[in-house]
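Novice: My questions all concern the structure below.
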Amino acid sequence: MLINARDFNFGHFAYFYLWTTMIDTFKHQGMRRKLVEDLQKKGITDKKVIEALLKVPRHFFFDSSFLNFAYQDKAFPIGAGQTISQPFTVAFQTQLLELKKGNKVLEIGTGSGYQTAILCEVGARVYSVERQKELFIKAKKDLDVLGYTPALYFGDGYKGLPAYAPFDGVLVTCGAPFLPEKLVEQVKTGGRIVIPIGDDGKQVMYRFTKNADGSLTEETFGDFAFVPMLEKVAK
């Protein structure tokens with residue numbers, strides 16, 4: 001059963017605590033600019049993605065004890081056996097979607113919410129599914145504090161969100177053993193699916209574009225490493 005994150009109420013104290021402890025200083029902004037410069041050298045060219053990376057404070061998605069790691073181009077554990085993807089991966093996957101403002105995107109694996117925030121910032125209407133309830137709840141809280149309003153759902157990413165299909169794009173943020181057919185069904189003609197496929201710990205980044213006859217045009221973009229995409233919700 002899917003649960004809409006808007007059903008959760010975290011209270012005014014939680015918001016006050018986050019606002020007073022998580023501040024975006026000039027130092028953080030400078031670190032972000034340096035990170036973005038590095039990502040541009042690695043091939044990130046989409047202006048909307050670059051602007052989003054400059055604006056979204058990645059350190060807001062970290063425990064305060066680990067803020068020094070927020071602007072390194074590395075993945076980092078976030079709990080529940082999951083990680084926040086390295087900034088290059090977030091930027092690269094977003095760039096591959098080639099989004100236009102107002103496009104409707106299905107994200108599989110909300111995780112920390114950082115990728116979700118980037119998608120929102122580039123102008124997408126975001127629907128995101130997370131199978132780990134503790135991550136689902138925390139991401140909702142953090143995204144609310146930052147002023148983003150994606151539709152977040154606690155559920156099984158393999159099933160997608162058929163009630164809200166079709167989508168202009170589907171972005172999978174975990175390593176899938178195969179391309180789930182239900183996700184193919186939920187993308188519109190001309191839409192793209194960006195998904196890492198392969199065994200645990202090593203995947204190839206794929207982009208599938210759906211043709212008018214329902215077939216898919218397949219492209220690959222090198223090796224990546226993600227946590228595995230699992231079925232059903234976590235207990």
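In the structure tokens, chains take letters A, B, ... by order of appearance, with residues numbered from 1 within each chain and ligands from 1 in the order shown.
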So which residues touch Asn103 of chain A within 10 Å, counting only C-alpha atoms, skipping near sequence neighbours fewer than 3 positions away, as a ChimeraX atom specification?

Specialist: /A:98-100,119,122-126,167-169,191

Novice: Which residues in segment 3-228 of chain A does DSSP call helix (DSSP H, G or I)? List them as a short mmCIF file (atom, residue, chain, number, x, y, z; two decimals) with C-alpha atoms, in the first residue's frame.

Specialist:
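Produced file out21.cif, reproduced below:
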data_model
loop_
_atom_site.label_atom_id
_atom_site.label_comp_id
_atom_site.auth_asym_id
_atom_site.auth_seq_id
_atom_site.Cartn_x
_atom_site.Cartn_y
_atom_site.Cartn_z
CA ALA A 5 4.09 11.75 2.64
CA ARG A 6 1.69 14.67 2.99
CA ASP A 7 -0.16 12.56 5.56
CA GLY A 11 5.42 19.56 14.09
CA HIS A 12 6.70 23.09 14.33
CA PHE A 13 9.55 22.18 16.66
CA ALA A 14 11.18 19.92 14.05
CA TYR A 15 11.10 22.70 11.47
CA PHE A 16 12.45 25.27 13.96
CA TYR A 17 15.28 22.89 14.88
CA LEU A 18 16.25 22.32 11.26
CA TRP A 19 16.13 25.99 10.36
CA THR A 20 18.30 26.99 13.30
CA THR A 21 20.87 24.20 12.94
CA PHE A 26 28.99 31.70 2.42
CA LYS A 27 31.45 28.91 3.13
CA HIS A 28 28.94 26.27 2.05
CA GLN A 29 28.09 28.26 -1.08
CA GLY A 30 31.77 28.54 -1.95
CA MET A 31 32.25 24.81 -1.49
CA ARG A 32 29.26 24.23 -3.78
CA ARG A 33 30.73 26.45 -6.48
CA LYS A 34 34.02 24.57 -6.31
CA LEU A 35 32.19 21.23 -6.54
CA VAL A 36 30.20 22.39 -9.56
CA GLU A 37 33.37 23.59 -11.28
CA ASP A 38 34.81 20.09 -10.80
CA LEU A 39 31.64 18.47 -12.15
CA GLN A 40 31.72 20.67 -15.23
CA LYS A 41 35.25 19.46 -15.92
CA LYS A 47 22.78 24.76 -17.57
CA LYS A 48 19.61 23.90 -15.64
CA VAL A 49 21.40 21.07 -13.84
CA ILE A 50 24.39 23.28 -13.03
CA GLU A 51 22.11 26.00 -11.64
CA ALA A 52 20.28 23.43 -9.53
CA LEU A 53 23.52 22.06 -8.12
CA LEU A 54 24.58 25.57 -7.17
CA LYS A 55 21.30 26.28 -5.42
CA ARG A 58 23.63 19.27 -0.19
CA HIS A 59 24.79 19.57 3.43
CA PHE A 60 21.14 19.83 4.53
CA PHE A 61 20.83 16.13 3.68
CA SER A 64 25.51 17.58 11.25
CA SER A 65 28.46 15.38 12.33
CA PHE A 66 29.40 14.76 8.69
CA LEU A 67 28.98 18.17 7.06
CA ASN A 68 32.62 18.20 5.92
CA PHE A 69 31.79 15.36 3.52
CA PRO A 87 27.13 14.60 -6.91
CA PHE A 88 28.48 13.64 -10.34
CA THR A 89 26.08 10.69 -10.52
CA VAL A 90 23.13 12.87 -9.50
CA ALA A 91 24.06 15.49 -12.09
CA PHE A 92 24.79 12.95 -14.82
CA GLN A 93 21.53 11.05 -14.41
CA THR A 94 19.54 14.29 -14.35
CA GLN A 95 21.35 15.52 -17.46
CA LEU A 96 20.53 12.28 -19.30
CA LEU A 97 16.80 12.88 -18.80
CA TYR A 114 18.85 15.28 -2.60
CA GLN A 115 18.25 13.94 -6.11
CA THR A 116 14.57 14.78 -5.63
CA ALA A 117 15.48 18.38 -4.79
CA ILE A 118 17.66 18.66 -7.90
CA LEU A 119 14.79 17.41 -10.08
CA CYS A 120 12.44 19.93 -8.49
CA GLU A 121 14.96 22.72 -8.98
CA LYS A 133 10.10 4.22 5.79
CA GLU A 134 12.78 5.96 7.86
CA LEU A 135 14.26 7.50 4.71
CA PHE A 136 10.80 8.35 3.37
CA ILE A 137 9.92 10.27 6.55
CA LYS A 138 13.26 12.08 6.81
CA ALA A 139 13.28 13.07 3.14
CA LYS A 140 9.79 14.52 3.48
CA LYS A 141 10.90 16.61 6.45
CA ASP A 142 14.08 17.89 4.81
CA LEU A 143 12.40 18.71 1.49
CA ASP A 144 9.60 20.56 3.27
CA VAL A 145 12.15 22.70 5.13
CA LEU A 146 13.79 23.59 1.83
CA GLY A 157 9.64 1.03 -6.76
CA TYR A 158 9.30 -1.95 -9.11
CA LYS A 159 5.59 -1.12 -9.36
CA PRO A 162 0.55 3.69 -12.40
CA ALA A 163 -2.21 5.96 -11.08
CA TYR A 164 -0.11 9.00 -12.03
CA GLU A 181 8.35 -3.72 -17.39
CA LYS A 182 5.92 -1.74 -15.23
CA LEU A 183 8.23 1.28 -15.45
CA VAL A 184 8.34 0.95 -19.24
CA GLU A 185 4.54 0.94 -19.31
#

Novice: Identify which of the residues A:Leu161, A:Glu231, A:Asp199, A:Val187 lies closest to Gly214 of chain A, counting only C-alpha atoms when measuring atom-to-atom distances.

Specialist: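 Residue with the minimum atom-to-atom distance to Gly214 of chain A: A:Val187.
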
Novice: Would you please work out which residue, of A:Ile108, A:Val170, A:Arg207, A:Tyr153, is nearest to Pro228 of chain A when using only C-alpha atoms?

Specialist: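 Using only C-alpha atoms, the shortest distance to Pro228 of chain A belongs to A:Ile108.
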
Novice: Env of Cys174 of chain A: 9 Å cut, atoms = only C-alpha atoms, seq-sep filter 5 positions within chain, self excluded. Answer as a compact mmCIF listing (two decimals) with C-alpha atoms, in the first residue's frame.

Specialist:
# COMPACT_ATOMS: atom_id res chain seq x y z
CA ILE A 108 12.51 5.39 -7.96
CA GLY A 109 14.42 5.62 -4.67
CA ILE A 195 18.49 3.37 -14.98
CA PRO A 196 21.68 1.59 -13.83
CA ILE A 197 21.42 -2.13 -14.62
CA ALA A 225 28.11 1.56 -8.62
CA PHE A 226 24.78 1.74 -6.78
CA VAL A 227 23.09 0.01 -3.88
CA PRO A 228 20.70 -2.69 -5.16
CA MET A 229 17.10 -2.03 -6.16
CA LEU A 230 14.94 -4.23 -3.93

Novice: Would you please extract all strand (DSSP E or B) residues from segment 102-173 of chain A, as assigned by DSSP on the backbone, and give them as a ChimeraX atom specification?

Specialist: /A:104-108,125-130,151-154,167-172

Novice: When you count only C-alpha atoms, which of these residues is closest to Thr209 of chain A: A:Gly79, A:Gly175, A:Gly190, A:Gly222?

Specialist: A:Gly190

Novice: To one decimal in Å, tell me the separation between atom CA of Leu171 of chain A and atom CA of Lys210 of chain A.

Specialist: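 One can read the atom CA of Leu171 of chain A to atom CA of Lys210 of chain A distance as 14.0 Å.
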
Novice: What's the separation between atom CA of Lys74 of chain A and atom CA of Lys104 of chain A, in Å to one decimal place?

Specialist: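 Taking atom CA of Lys74 of chain A and atom CA of Lys104 of chain A, their separation equals 28.0 Å.
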
Novice: In terms of the shortest atom-to-atom distance over only C-alpha atoms, which of A:Pro177, A:Phe224, A:Gly198, A:Thr25 is closest to Gln86 of chain A?

Specialist: A:Phe224
